[in-house]
Structures are given as structure tokens and as C-alpha cells.
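K.L.:
Data: target.txt, compact mmCIF, C-alpha atoms and all ligand atoms.
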# COMPACT_ATOMS: atom_id res chain seq x y z
CA MET Z 1 -29.27 -7.72 4.82
CA ILE Z 2 -29.55 -10.49 7.44
CA PRO Z 3 -26.24 -12.34 7.82
CA THR Z 4 -26.37 -15.75 6.19
CA THR Z 5 -23.04 -17.08 7.39
CA GLN Z 6 -22.20 -18.37 10.85
CA PRO Z 7 -19.22 -16.76 12.61
CA GLY Z 8 -16.16 -19.00 12.49
CA LYS Z 9 -17.40 -21.11 9.57
CA VAL Z 10 -15.99 -18.95 6.79
CA ARG Z 11 -12.53 -17.82 5.73
CA ALA Z 12 -12.05 -14.66 3.70
CA GLY Z 13 -9.56 -14.36 0.87
CA ILE Z 14 -8.69 -12.24 -2.14
CA THR Z 15 -10.55 -13.31 -5.28
CA ALA Z 16 -9.74 -10.42 -7.64
CA LEU Z 17 -7.10 -7.71 -7.86
CA GLY Z 18 -6.35 -4.67 -9.97
CA ALA Z 19 -3.91 -1.78 -9.79
CA TYR Z 20 -3.01 1.41 -11.58
CA ALA Z 21 -0.10 3.84 -11.77
CA PRO Z 22 -0.29 7.10 -13.74
CA ASN Z 23 1.48 7.20 -17.11
CA LYS Z 24 3.54 10.28 -16.27
CA ILE Z 25 6.99 9.27 -15.05
CA LEU Z 26 9.48 11.33 -13.07
CA SER Z 27 12.95 9.78 -13.22
CA ASN Z 28 15.84 10.45 -10.86
CA HIS Z 29 17.50 12.34 -13.71
CA ASP Z 30 14.41 14.57 -13.99
CA LEU Z 31 14.76 15.30 -10.26
CA GLU Z 32 18.44 16.19 -10.70
CA LYS Z 33 17.23 19.14 -12.82
CA ILE Z 34 14.95 20.58 -10.13
CA MET Z 35 16.81 19.91 -6.87
CA GLU Z 36 20.26 19.19 -5.50
CA THR Z 37 20.26 15.42 -5.74
CA SER Z 38 21.68 12.65 -7.92
CA ASP Z 39 20.54 9.42 -9.47
CA GLU Z 40 23.51 7.78 -7.72
CA TRP Z 41 22.40 8.99 -4.23
CA ILE Z 42 18.77 8.00 -4.72
CA VAL Z 43 19.53 4.54 -6.13
CA THR Z 44 22.18 3.76 -3.51
CA ARG Z 45 20.12 4.94 -0.52
CA THR Z 46 16.66 3.80 -1.62
CA GLY Z 47 16.70 1.60 -4.74
CA ILE Z 48 14.27 4.02 -6.44
CA LYS Z 49 14.87 4.81 -10.14
CA ARG Z 50 11.61 6.51 -11.09
CA ARG Z 51 8.12 7.19 -9.79
CA HIS Z 52 4.71 7.65 -11.49
CA ILE Z 53 3.04 11.01 -10.98
CA ALA Z 54 -0.62 12.00 -11.14
CA ASP Z 55 -1.60 14.90 -13.41
CA ASP Z 56 -2.57 18.20 -11.80
CA ASP Z 57 -6.25 17.39 -12.22
CA GLU Z 58 -5.91 13.71 -11.26
CA PHE Z 59 -6.78 12.96 -7.63
CA THR Z 60 -6.90 9.93 -5.35
CA SER Z 61 -10.48 9.01 -6.31
CA HIS Z 62 -9.48 8.95 -10.01
CA LEU Z 63 -6.56 6.63 -9.28
CA ALA Z 64 -8.76 4.39 -7.10
CA ILE Z 65 -11.37 4.16 -9.88
CA LYS Z 66 -8.68 3.32 -12.47
CA SER Z 67 -7.43 0.48 -10.24
CA VAL Z 68 -10.96 -0.94 -10.03
CA GLU Z 69 -11.31 -0.60 -13.81
CA ASP Z 70 -8.15 -2.71 -14.08
CA LEU Z 71 -9.69 -5.26 -11.69
CA VAL Z 72 -12.81 -5.42 -13.87
CA LYS Z 73 -10.70 -5.80 -17.02
CA ARG Z 74 -8.89 -8.78 -15.48
CA HIS Z 75 -11.74 -10.49 -13.70
CA GLY Z 76 -14.90 -9.27 -15.45
CA ARG Z 77 -17.70 -6.94 -14.37
CA ASP Z 78 -19.22 -9.85 -12.42
CA SER Z 79 -16.45 -9.51 -9.85
CA LEU Z 80 -18.17 -6.33 -8.59
CA GLU Z 81 -21.58 -8.06 -8.33
CA GLY Z 82 -22.64 -8.19 -4.69
CA VAL Z 83 -19.98 -5.82 -3.33
CA ASP Z 84 -21.63 -4.47 -0.19
CA MET Z 85 -18.76 -2.45 1.30
CA VAL Z 86 -16.09 -0.19 -0.21
CA ILE Z 87 -13.07 0.79 1.85
CA VAL Z 88 -10.44 3.21 0.58
CA ALA Z 89 -7.26 3.30 2.64
CA THR Z 90 -5.51 6.58 1.92
CA ASN Z 91 -3.42 9.36 3.41
CA THR Z 92 -4.39 11.70 0.59
CA PRO Z 93 -8.19 11.61 0.26
CA ASP Z 94 -9.70 14.02 -2.26
CA ALA Z 95 -11.26 15.78 0.74
CA LEU Z 96 -11.54 15.05 4.46
CA PHE Z 97 -15.18 14.38 3.69
CA PRO Z 98 -17.01 13.00 1.80
CA ALA Z 99 -15.10 9.73 1.84
CA THR Z 100 -13.17 8.98 -1.34
CA ALA Z 101 -14.71 5.49 -1.04
CA ALA Z 102 -18.16 7.01 -1.64
CA LEU Z 103 -16.94 8.47 -4.96
CA VAL Z 104 -15.76 4.99 -6.00
CA GLN Z 105 -19.07 3.45 -4.88
CA ASP Z 106 -21.00 5.97 -6.96
CA HIS Z 107 -18.79 5.61 -10.04
CA PHE Z 108 -19.45 1.87 -10.24
CA GLY Z 109 -23.09 2.10 -9.12
CA LEU Z 110 -22.52 -0.26 -6.19
CA LYS Z 111 -25.21 -0.91 -3.61
CA ALA Z 112 -22.70 -0.71 -0.80
CA GLY Z 113 -21.53 1.15 2.27
CA ALA Z 114 -18.37 3.19 1.86
CA PHE Z 115 -15.74 4.70 4.13
CA ASP Z 116 -12.12 5.82 4.14
CA LEU Z 117 -9.52 4.37 6.44
CA LEU Z 118 -6.47 6.19 7.77
CA ALA Z 119 -3.63 4.04 9.11
CA ALA Z 120 -0.75 5.45 7.02
CA CYS Z 121 1.16 3.07 4.73
CA PRO Z 122 -0.22 -0.14 6.30
CA GLY Z 123 -3.74 1.18 5.59
CA TRP Z 124 -4.45 -1.41 2.88
CA LEU Z 125 -3.49 -4.26 5.21
CA TYR Z 126 -5.72 -2.71 7.91
CA ALA Z 127 -8.49 -2.61 5.27
CA LEU Z 128 -7.89 -6.31 4.50
CA SER Z 129 -8.22 -7.10 8.21
CA ILE Z 130 -11.55 -5.26 8.41
CA ALA Z 131 -12.75 -6.94 5.22
CA LYS Z 132 -11.80 -10.31 6.69
CA ALA Z 133 -13.74 -9.57 9.88
CA TYR Z 134 -16.79 -8.33 7.93
CA VAL Z 135 -16.86 -11.37 5.65
CA GLU Z 136 -16.11 -13.98 8.30
CA SER Z 137 -18.74 -12.53 10.68
CA GLY Z 138 -21.34 -12.48 7.91
CA LEU Z 139 -21.79 -8.72 8.13
CA CYS Z 140 -20.70 -8.35 4.50
CA GLN Z 141 -20.58 -10.71 1.55
CA LYS Z 142 -18.02 -8.95 -0.58
CA VAL Z 143 -15.70 -6.08 0.28
CA LEU Z 144 -13.82 -3.91 -2.20
CA ALA Z 145 -10.65 -2.78 -0.38
CA ILE Z 146 -8.53 -0.17 -2.13
CA GLY Z 147 -5.26 1.57 -1.31
CA ALA Z 148 -4.91 4.83 -3.26
CA GLU Z 149 -2.53 7.77 -3.03
CA ALA Z 150 -1.80 11.06 -4.73
CA LEU Z 151 1.21 11.62 -2.48
CA THR Z 152 3.13 13.87 -4.85
CA LYS Z 153 0.47 16.52 -4.18
CA ILE Z 154 1.61 16.82 -0.54
CA VAL Z 155 5.33 16.24 -1.03
CA ASP Z 156 7.51 19.22 -0.12
CA TRP Z 157 9.49 19.74 -3.33
CA ASP Z 158 11.94 21.92 -1.37
CA ASP Z 159 12.87 18.98 0.87
CA ARG Z 160 15.12 16.66 -1.12
CA ALA Z 161 15.20 14.14 1.73
CA THR Z 162 11.53 13.28 1.20
CA ALA Z 163 10.62 14.59 -2.29
CA VAL Z 164 12.58 11.86 -4.06
CA LEU Z 165 10.86 9.01 -2.24
CA PHE Z 166 7.19 9.07 -3.16
CA GLY Z 167 4.97 8.29 -6.14
CA ASP Z 168 1.26 8.00 -6.93
CA GLY Z 169 -0.88 4.94 -7.60
CA ALA Z 170 -3.70 2.69 -6.46
CA GLY Z 171 -4.62 -0.94 -6.09
CA GLY Z 172 -7.76 -2.73 -5.03
CA ALA Z 173 -8.99 -6.22 -4.25
CA ILE Z 174 -12.22 -8.11 -3.72
CA ILE Z 175 -12.36 -9.94 -0.39
CA GLU Z 176 -15.00 -12.64 0.02
CA ALA Z 177 -15.46 -16.17 1.37
CA VAL Z 178 -13.08 -18.74 -0.11
CA PRO Z 179 -12.90 -22.50 0.42
CA GLU Z 180 -10.18 -24.25 2.42
CA PRO Z 181 -7.19 -24.11 2.20
CA TYR Z 182 -7.29 -20.55 0.80
CA GLY Z 183 -7.59 -17.16 2.42
CA LEU Z 184 -6.17 -14.80 5.01
CA LYS Z 185 -4.57 -17.03 7.66
CA SER Z 186 -3.19 -14.44 10.05
CA VAL Z 187 -3.29 -10.73 10.73
CA VAL Z 188 -0.95 -8.70 12.93
CA LEU Z 189 -1.76 -5.04 13.59
CA GLY Z 190 0.17 -2.60 15.74
CA ALA Z 191 0.70 1.06 16.56
CA ASP Z 192 3.04 3.18 18.65
CA GLY Z 193 1.87 6.77 18.73
CA SER Z 194 4.92 7.83 20.74
CA GLY Z 195 6.69 8.02 17.36
CA ALA Z 196 4.06 10.31 15.81
CA GLN Z 197 6.50 13.19 15.38
CA HIS Z 198 8.74 11.18 13.04
CA LEU Z 199 6.32 11.08 10.10
CA HIS Z 200 3.31 13.31 9.64
CA ARG Z 201 1.31 15.54 7.34
CA ARG Z 202 1.30 19.13 8.52
CA SER Z 203 -0.14 22.44 7.48
CA VAL Z 204 2.44 24.87 6.23
CA GLY Z 205 0.32 27.89 5.45
CA ARG Z 206 -2.59 30.01 6.66
CA CYS Z 207 -6.11 29.77 5.36
CA LEU Z 208 -6.51 32.55 2.81
CA PRO Z 209 -9.49 34.95 2.97
CA ASN Z 210 -10.57 33.79 -0.50
CA GLY Z 211 -10.98 30.26 0.86
CA GLU Z 212 -7.95 28.69 -0.79
CA PRO Z 213 -6.93 25.61 1.20
CA LEU Z 214 -3.96 25.45 3.50
CA ALA Z 215 -0.89 23.97 1.92
CA GLU Z 216 0.01 20.66 3.50
CA HIS Z 217 3.28 18.83 3.38
CA LEU Z 218 4.61 15.47 4.37
CA TYR Z 219 7.35 15.65 6.99
CA MET Z 220 9.63 12.70 7.83
CA ASN Z 221 12.60 12.01 10.05
CA GLY Z 222 14.02 9.40 7.67
CA ARG Z 223 16.65 7.96 10.00
CA GLU Z 224 14.18 7.31 12.84
CA VAL Z 225 11.61 5.78 10.50
CA PHE Z 226 14.32 3.61 8.96
CA LYS Z 227 15.31 2.16 12.36
CA PHE Z 228 11.68 1.57 13.31
CA ALA Z 229 10.95 -0.05 9.93
CA VAL Z 230 13.78 -2.56 10.12
CA ARG Z 231 12.79 -3.51 13.69
CA VAL Z 232 9.07 -3.86 13.09
CA MET Z 233 9.35 -5.64 9.72
CA ASN Z 234 11.25 -8.31 11.60
CA THR Z 235 8.90 -8.72 14.57
CA ALA Z 236 5.62 -8.36 12.64
CA THR Z 237 6.55 -10.85 9.93
CA ILE Z 238 7.71 -13.49 12.42
CA GLU Z 239 4.49 -13.04 14.41
CA ALA Z 240 2.30 -13.31 11.28
CA VAL Z 241 4.08 -16.46 10.09
CA GLU Z 242 3.80 -18.10 13.53
CA LYS Z 243 0.12 -17.13 13.90
CA ALA Z 244 -0.53 -18.82 10.54
CA GLY Z 245 1.07 -21.98 11.90
CA LEU Z 246 3.89 -21.76 9.37
CA HIS Z 247 7.66 -21.36 9.25
CA SER Z 248 9.43 -18.77 7.09
CA ASP Z 249 10.56 -21.66 4.82
CA ASP Z 250 6.90 -22.14 3.91
CA ILE Z 251 6.58 -18.61 2.51
CA SER Z 252 6.39 -18.75 -1.29
CA LEU Z 253 6.52 -14.99 -1.80
CA PHE Z 254 7.32 -12.06 0.50
CA VAL Z 255 5.46 -8.90 -0.54
CA PRO Z 256 6.70 -6.04 1.66
CA HIS Z 257 5.81 -2.36 1.68
CA GLN Z 258 7.93 -0.69 -1.00
CA ALA Z 259 9.64 2.20 0.78
CA ASN Z 260 13.34 1.46 0.56
CA LEU Z 261 15.28 -1.44 -0.95
CA ARG Z 262 17.63 -1.48 2.06
CA ILE Z 263 14.69 -2.00 4.44
CA ILE Z 264 13.29 -4.78 2.23
CA GLU Z 265 16.71 -6.43 2.02
CA ALA Z 266 17.17 -6.33 5.81
CA ALA Z 267 13.78 -8.02 6.28
CA ARG Z 268 14.54 -10.63 3.63
CA GLN Z 269 17.80 -11.54 5.31
CA ARG Z 270 16.19 -11.81 8.76
CA LEU Z 271 13.58 -14.17 7.28
CA GLU Z 272 16.36 -16.08 5.49
CA LEU Z 273 14.45 -15.97 2.21
CA PRO Z 274 16.25 -16.16 -1.16
CA PRO Z 275 15.93 -13.01 -3.35
CA GLU Z 276 13.65 -14.82 -5.84
CA ARG Z 277 10.99 -15.08 -3.11
CA VAL Z 278 10.75 -11.30 -2.61
CA VAL Z 279 8.77 -8.82 -4.70
CA VAL Z 280 10.55 -5.51 -5.38
CA THR Z 281 8.84 -2.70 -7.27
CA VAL Z 282 10.27 0.29 -5.40
CA ASP Z 283 12.67 0.89 -8.33
CA GLU Z 284 9.72 1.57 -10.67
CA TYR Z 285 7.17 3.29 -8.40
CA GLY Z 286 8.95 4.67 -5.35
CA ASN Z 287 6.88 4.62 -2.18
CA ASN Z 288 3.12 4.55 -2.92
CA SER Z 289 2.11 4.16 0.72
CA THR Z 290 -1.22 2.27 0.91
CA ALA Z 291 -1.02 1.37 -2.79
CA SER Z 292 2.42 -0.19 -2.65
CA ILE Z 293 1.43 -3.76 -1.70
CA PRO Z 294 -1.48 -4.14 -4.16
CA LEU Z 295 0.72 -2.68 -6.93
CA ALA Z 296 3.47 -5.16 -6.01
CA LEU Z 297 0.94 -8.02 -6.01
CA LYS Z 298 -0.22 -7.05 -9.49
CA HIS Z 299 3.36 -7.09 -10.74
CA ALA Z 300 4.01 -10.47 -9.20
CA LEU Z 301 0.82 -11.86 -10.78
CA ASP Z 302 1.64 -10.40 -14.19
CA SER Z 303 5.10 -11.93 -14.14
CA GLY Z 304 3.73 -15.35 -13.19
CA ARG Z 305 5.28 -15.34 -9.73
CA ILE Z 306 2.09 -16.25 -7.83
CA ALA Z 307 0.43 -19.65 -8.20
CA ASP Z 308 -2.70 -21.12 -6.68
CA GLY Z 309 -2.01 -22.26 -3.10
CA ASP Z 310 1.09 -20.08 -2.61
CA GLN Z 311 1.68 -18.72 0.89
CA LEU Z 312 2.15 -14.95 0.65
CA LEU Z 313 3.60 -12.85 3.47
CA LEU Z 314 2.55 -9.19 3.37
CA VAL Z 315 4.00 -6.53 5.69
CA SER Z 316 3.89 -2.76 5.97
CA PHE Z 317 4.87 0.10 8.33
CA GLY Z 318 4.35 3.84 8.41
CA ALA Z 319 3.21 6.98 10.17
CA GLY Z 320 1.57 6.64 13.53
CA LEU Z 321 3.77 4.82 13.90
CA THR Z 322 1.78 1.82 12.63
CA TRP Z 323 2.49 -1.61 11.22
CA ALA Z 324 0.64 -4.62 9.86
CA ALA Z 325 1.47 -8.09 8.54
CA SER Z 326 -0.57 -10.92 7.14
CA VAL Z 327 -0.18 -14.40 5.72
CA LEU Z 328 -2.48 -15.25 2.82
CA THR Z 329 -2.92 -18.52 0.94
CA TRP Z 330 -3.50 -17.29 -2.61
CA GLY Z 331 -6.45 -18.54 -4.66
CA GLY Z 332 -9.95 -19.80 -4.06
CA ALA Z 333 -11.85 -17.60 -6.53
CA LYS Z 334 -14.89 -19.25 -8.11
CA THR Z 335 -14.13 -20.01 -11.76
O1 LIG F 1 6.37 4.66 3.98
C1 LIG F 1 6.97 5.66 4.76
C2 LIG F 1 8.12 5.11 5.46
N1 LIG F 1 9.31 5.85 5.21
C3 LIG F 1 10.47 5.22 5.00
O2 LIG F 1 10.55 4.02 4.92
C4 LIG F 1 11.73 6.03 4.96
C5 LIG F 1 12.78 5.41 5.86
N2 LIG F 1 14.03 6.13 5.76
C6 LIG F 1 14.82 6.05 4.66
O3 LIG F 1 14.46 5.37 3.70
C7 LIG F 1 16.14 6.76 4.67
O4 LIG F 1 16.37 7.28 5.96
C8 LIG F 1 16.22 7.91 3.63
C9 LIG F 1 16.26 7.34 2.22
C10 LIG F 1 15.02 8.83 3.77
C11 LIG F 1 17.50 8.72 3.84
O5 LIG F 1 18.62 7.86 3.77
P1 LIG F 1 19.76 7.93 4.88
O6 LIG F 1 20.80 6.98 4.49
O7 LIG F 1 19.07 7.74 6.21
O8 LIG F 1 20.29 9.40 4.68
P2 LIG F 1 20.37 10.59 5.74
O9 LIG F 1 19.00 11.15 6.01
O10 LIG F 1 21.17 10.13 6.90
O11 LIG F 1 21.19 11.66 4.93
C12 LIG F 1 22.53 11.42 4.53
C13 LIG F 1 23.03 12.59 3.71
C14 LIG F 1 22.76 13.94 4.34
O12 LIG F 1 23.86 14.76 4.07
P3 LIG F 1 24.98 15.02 5.20
O13 LIG F 1 24.26 15.63 6.35
O14 LIG F 1 25.54 13.65 5.53
O15 LIG F 1 25.95 15.92 4.52
C15 LIG F 1 21.56 14.47 3.60
O16 LIG F 1 21.50 15.87 3.57
O17 LIG F 1 22.33 12.60 2.44
C16 LIG F 1 21.80 13.91 2.21
N3 LIG F 1 20.60 13.78 1.42
C17 LIG F 1 20.58 13.77 0.07
N4 LIG F 1 21.56 13.90 -0.82
C18 LIG F 1 21.23 13.85 -2.12
C19 LIG F 1 19.33 13.62 1.87
N5 LIG F 1 18.49 13.52 0.81
C20 LIG F 1 19.25 13.61 -0.30
C21 LIG F 1 18.95 13.57 -1.67
N6 LIG F 1 19.96 13.68 -2.55
N7 LIG F 1 17.69 13.39 -2.15
Output the structure of this file as C-alpha cells.

P.N.:
Amino acid sequence: MIPTTQPGKVRAGITALGAYAPNKILSNHDLEKIMETSDEWIVTRTGIKRRHIADDDEFTSHLAIKSVEDLVKRHGRDSLEGVDMVIVATNTPDALFPATAALVQDHFGLKAGAFDLLAACPGWLYALSIAKAYVESGLCQKVLAIGAEALTKIVDWDDRATAVLFGDGAGGAIIEAVPEPYGLKSVVLGADGSGAQHLHRRSVGRCLPNGEPLAEHLYMNGREVFKFAVRVMNTATIEAVEKAGLHSDDISLFVPHQANLRIIEAARQRLELPPERVVVTVDEYGNNSTASIPLALKHALDSGRIADGDQLLLVSFGAGLTWAASVLTWGGAKT
């Protein structure tokens, strides 16, 4: 399609959102029965009380599709009309190829391009930044950007330091042109590959002659990632707020990556925001990586915490090491 919009004349924003977490719940008390841990340790160190777990035959594409079904339920089938690009940010694609995004495209019969994006936990914010660039340049009219994870399939259940942290889920949004004053006002993206060893997915087996896949596990040096997270949440959020021409006082709602309540609390204090302006869902879902921010947004919407014109501050960090932050003025969907 020939672009119909002039670069610089359009601002992209989120006009629809949906999210999904599997029904199966694994509580801290359930974990106490299968490893040497305690509800007290997990809650004190992380704020996590339970996590939602995909079934054995439920994979990332299924979760991504369920999140889009939720979006359609909330905003109507029309919200998918004209979607010309599907991006799935994930660390746990169904397969290295084809892209999980192509499975979503096919399921909904979209006439769209499709690709997966790998930028660890900030992947969904990276996807938003690409969607913004596509829409504002006129290359795309409407982008469906999803974060989806079946992380519990790669968690090492023999490693209590990481097994207790993660859960499964997905969330997706439609990004398209919105009128002033709405839309994505600033984007900050960063990476520091010198910290790659602190958080990665690695093979832990040999390829079997019968073709069974290698086992893969998530490895993390929690202490190092913790220090990095606290540092980068601070710098990235301040940069995103300044780039948007705002002050932290102007932020209506802070929606951080849900990895650890202590990390969220440190960021909140640095920004001098009151607790009622922070979304916390880590207690219910654990760390859903790319899905954590869209799931948190859905919760905030459902509990009436986001109003038209609110300034939202989104921030995430993860393997790479990578980080991303963005300020978004909520609203602007055609009614
Ligand atoms: O989105 C991905 C980004 N990842 C993160 O944000 C994770 C960042 N890091 C963290 O959230 C924290 O570092 C953890 C929650 C992973 C760990 O908390 P910590 O306060 O840094 O604990 P630690 O690793 O220093 O371990 C303290 C103790 C150790 O025992 P000793 O050596 O002091 O005797 C661990 O063996 O806690 C022990 N421990 C546990 N005990 C009970 C570690 N995991 C567990 C567990 N249950 N599940």
C-alpha cells in the first residue's frame, strides 16, 4: 500500500488492549511442596504470591491468540479491521521459525505482515516503539503488538532461585494514529550486552538421535540483575519523562515491569510518586516478561485507574541487558 500519511504529521497511540493469563494457578504454597522454599521467603524477597501456568499443550501462540480474543471482546471485531502488521515480542516463541506472529495473523485472518521480536522483558515496549515508527512514517496504518510468554516451559524447576519468579501470560494492543493530545510521547531504548552472562536462555542437553529437542533453561544471576534493574529503572524513567516534556509530578500512573516488588518500590521512591500512582500485579502473576506491562495495563483499566488523557509512564528491563521506557497519553480511540 502507498503511504497516505506524511512523516511527522501523525502521532501513534494505543486504541485497544487485551490480555490473558492461564486459569491454572501455582501458589507459593504449591511450590513449597516441590522445592525447598517458603511462602514467607518468596513474598518478602519478591512480592509474588502466585503465578498463572500454561497447560502442557498450551504454547505462546495460544496465549497470544487468547489475549487478542480478549481485545476483540472489549473493543469489537472492528478493532482488527485494517491491521497491516503483527508483532509478537517473546522470549519463548513456539519455534525459532516460523514466527509466532504469523500464527496469530493466520488465526484472525489478517491481511498483514508478521514477525517476532526478541529484546527480552522490554520486548513489548520495543514493539510499541516499532509500531509508533511504522504508523508515524505511514508505512503501516494499524499495528497489533503483542507480548506473550510461556516461560514456565523453560524454567529450571531444580533452581529455586529462578523457578519461583516466573509465570505465563500475554497481552496485546492496537497502535494507530490518534489525535492530539494523545499518543506515545517519548521512547527510550537501551542495551548493554556486556551483562549478557547475567540472564540468558541456555541449552542444557544434547540433541537426541530421535530428534527430540534440546532442553533449554533460563539462567539468572539475580543479584546482578537486581542492581542493574534498580539503576536503569531510575535513569530510563527520568529520561522518558524529560523527553516527553513532563515532570514526574505529571505522571498519573506508573506501569513498571513486574519482576520484583522491591525493584518497583525503589523506582517509585526515586520518582517520588505516591503508591496509588503505581500499578502492581507481580503478586498475582509473577514475572511474565514481555507480557507483564500489557497485563498490568489491563488490570489498571479494569479497576478504573486509567482515564482519558492520563499520562502513563511505562518501563522495563531484562536480558541483554536491555531496557526501555515510554510516556503515553492514554486515549484517542475513535468512538
Ligand atoms: O525480568 C527479569 C529480570 N529479573 C529480575 O528482576 C530478578 C532480579 N533479582 C531479584 O529479584 C532477586 O535477586 C531475587 C528475588 C532473584 C533473589 O533475591 P535476593 O534477595 O537477591 O536473594 P539472594 O539471591 O541473595 O539469595 C539469598 C538467600 C540465599 O541463601 P544463602 O546463600 O544466603 O544461605 C539463597 O540460596 O536466599 C536463598 N534462596 C531461596 N530461599 C528460599 C534463593 N532462592 C530461594 C527460594 N526460597 N526460592

K.L.:
Using all atoms listed in the file, which protein or nucleic acid residues come within 10 Å of Z:Gly109? Drop anything in the same chain fewer than 5 positions from it, and give the result as a ChimeraX atom specification.

P.N.:
/Z:80,103-104

K.L.:
So what do you get for atom CA of Z:Val178 versus atom CA of Z:Leu271, distance-wise?

P.N.:
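The value is 28.0 Å.
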
K.L.:
Do you know which residues are at most 12 Å from Z:Ala19 counting all atoms listed in the file, after dropping those on the same chain fewer than 3 positions away, and could you put them as a PyMOL selection string?

P.N.:
chain Z and resi 16+22+63-74+145-149+168-173+288+290-302

K.L.:
With all atoms listed in the file as the atoms that count, which of Z:Ile174, Z:Leu144, Z:Ala133, Z:Cys121 lies nearest to ligand LIG 1 (chain F)?

P.N.:
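Looking only at the distances to ligand LIG 1 (chain F), the closest residue turns out to be Z:Cys121.
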
K.L.:
May I ask you to write as a ChimeraX atom specification all residues lying at most 7 Å from ligand LIG 1 (chain F), with all atoms listed in the file counted?

P.N.:
/Z:36-38,41-42,45-46,121,160-162,164,222-223,225-226,229,259-260,287,289,317-319

K.L.:
Name the residues in contact with Z:Gln269 at a cut-off of 12 Å, using only C-alpha atoms, excluding same-chain residues fewer than 4 positions from it; report them as a ChimeraX atom specification.

P.N.:
/Z:230,233-234,248,254,262-265,273-275,277-278

K.L.:
Selected residues, C-alpha atoms, written as a PDB file, in the frame of the given file, please.

P.N.:
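So the final result, stored in again_19.pdb, reads:
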ATOM      1  CA  VAL Z 230      13.780  -2.560  10.120  1.00  0.00           C
ATOM      2  CA  MET Z 233       9.350  -5.640   9.720  1.00  0.00           C
ATOM      3  CA  ASN Z 234      11.250  -8.310  11.600  1.00  0.00           C
ATOM      4  CA  SER Z 248       9.430 -18.770   7.090  1.00  0.00           C
ATOM      5  CA  PHE Z 254       7.320 -12.060   0.500  1.00  0.00           C
ATOM      6  CA  ARG Z 262      17.630  -1.480   2.060  1.00  0.00           C
ATOM      7  CA  ILE Z 263      14.690  -2.000   4.440  1.00  0.00           C
ATOM      8  CA  ILE Z 264      13.290  -4.780   2.230  1.00  0.00           C
ATOM      9  CA  GLU Z 265      16.710  -6.430   2.020  1.00  0.00           C
ATOM     10  CA  LEU Z 273      14.450 -15.970   2.210  1.00  0.00           C
ATOM     11  CA  PRO Z 274      16.250 -16.160  -1.160  1.00  0.00           C
ATOM     12  CA  PRO Z 275      15.930 -13.010  -3.350  1.00  0.00           C
ATOM     13  CA  ARG Z 277      10.990 -15.080  -3.110  1.00  0.00           C
ATOM     14  CA  VAL Z 278      10.750 -11.300  -2.610  1.00  0.00           C
TER      15      VAL Z 278
END

K.L.:
Take atom CA of Z:Ile34 and atom CA of Z:Leu151 and report the distance between them in Å, one decimal.

P.N.:
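Interatomic distance, atom CA of Z:Ile34 to atom CA of Z:Leu151: 18.1 Å.
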
K.L.:
When distances are computed from only C-alpha atoms, which of Z:Ala177, Z:Val155, Z:Cys140, Z:Leu199 shows the smallest separation from Z:Thr15?

P.N.:
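Once distances to Z:Thr15 are computed over only C-alpha atoms, the minimum belongs to Z:Ala177.
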
K.L.:
For Z:Leu117, please output as a PyMOL selection string all residues within 12 Å (counting only C-alpha atoms; exclusion window: fewer than 6 positions along the same chain).

P.N.:
chain Z and resi 86-93+96-97+99-101+123-131+145-148+290

K.L.:
Once you have the residues from the selection above, write them out as a tab-separated table (two decimals), in the frame of the given file, restricted to C-alpha atoms.

P.N.:
chain	number	residue	atom	x	y	z
Z	86	VAL	CA	-16.09	-0.19	-0.21
Z	87	ILE	CA	-13.07	0.79	1.85
Z	88	VAL	CA	-10.44	3.21	0.58
Z	89	ALA	CA	-7.26	3.30	2.64
Z	90	THR	CA	-5.51	6.58	1.92
Z	91	ASN	CA	-3.42	9.36	3.41
Z	92	THR	CA	-4.39	11.70	0.59
Z	93	PRO	CA	-8.19	11.61	0.26
Z	96	LEU	CA	-11.54	15.05	4.46
Z	97	PHE	CA	-15.18	14.38	3.69
Z	99	ALA	CA	-15.10	9.73	1.84
Z	100	THR	CA	-13.17	8.98	-1.34
Z	101	ALA	CA	-14.71	5.49	-1.04
Z	123	GLY	CA	-3.74	1.18	5.59
Z	124	TRP	CA	-4.45	-1.41	2.88
Z	125	LEU	CA	-3.49	-4.26	5.21
Z	126	TYR	CA	-5.72	-2.71	7.91
Z	127	ALA	CA	-8.49	-2.61	5.27
Z	128	LEU	CA	-7.89	-6.31	4.50
Z	129	SER	CA	-8.22	-7.10	8.21
Z	130	ILE	CA	-11.55	-5.26	8.41
Z	131	ALA	CA	-12.75	-6.94	5.22
Z	145	ALA	CA	-10.65	-2.78	-0.38
Z	146	ILE	CA	-8.53	-0.17	-2.13
Z	147	GLY	CA	-5.26	1.57	-1.31
Z	148	ALA	CA	-4.91	4.83	-3.26
Z	290	THR	CA	-1.22	2.27	0.91

K.L.:
Would you kindly return, as a list of chain:residue names, each protein, DNA or RNA residue with an atom no farther than 9 Å from any atom of Z:Gln197, considering all atoms listed in the file and excluding same-chain residues fewer than 6 positions away?

P.N.:
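With the cut-off at 9 Å, the set is Z:Tyr219, Z:Met220, Z:Asn221, Z:Ala319, Z:Gly320, Z:Leu321.
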
K.L.:
Rank nothing, just name the residue among Z:Val10, Z:Leu118, Z:Ala324, Z:Val232 nearest to Z:Ser186, using all atoms listed in the file.

P.N.:
Z:Ala324

K.L.:
Counting all atoms listed in the file, which of Z:Ala95, Z:Val143, Z:Ile14, Z:Ala267 gets nearest to Z:Gly113?

P.N.:
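Result for the nearest residue to Z:Gly113: Z:Val143.
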
K.L.:
So what do you get for atom CA of Z:Leu261 versus atom CA of Z:Gly47, distance-wise?

P.N.:
5.1 Å

K.L.:
Box in all listed atoms of stretch 258-275 of chain Z, axis-aligned, with 8 Å more on each side; write out centre and edge lengths in Å to one decimal as lines of an AutoDock Vina configuration file.

P.N.:
center_x = 12.9
center_y = -7.0
center_z = 2.7
size_x = 25.9
size_y = 34.4
size_z = 28.1

K.L.:
Between Z:Ser316, Z:Ser27, Z:Thr322, Z:Thr235, which has the minimum distance to Z:His198 (counting all atoms listed in the file)?

P.N.:
Z:Thr322
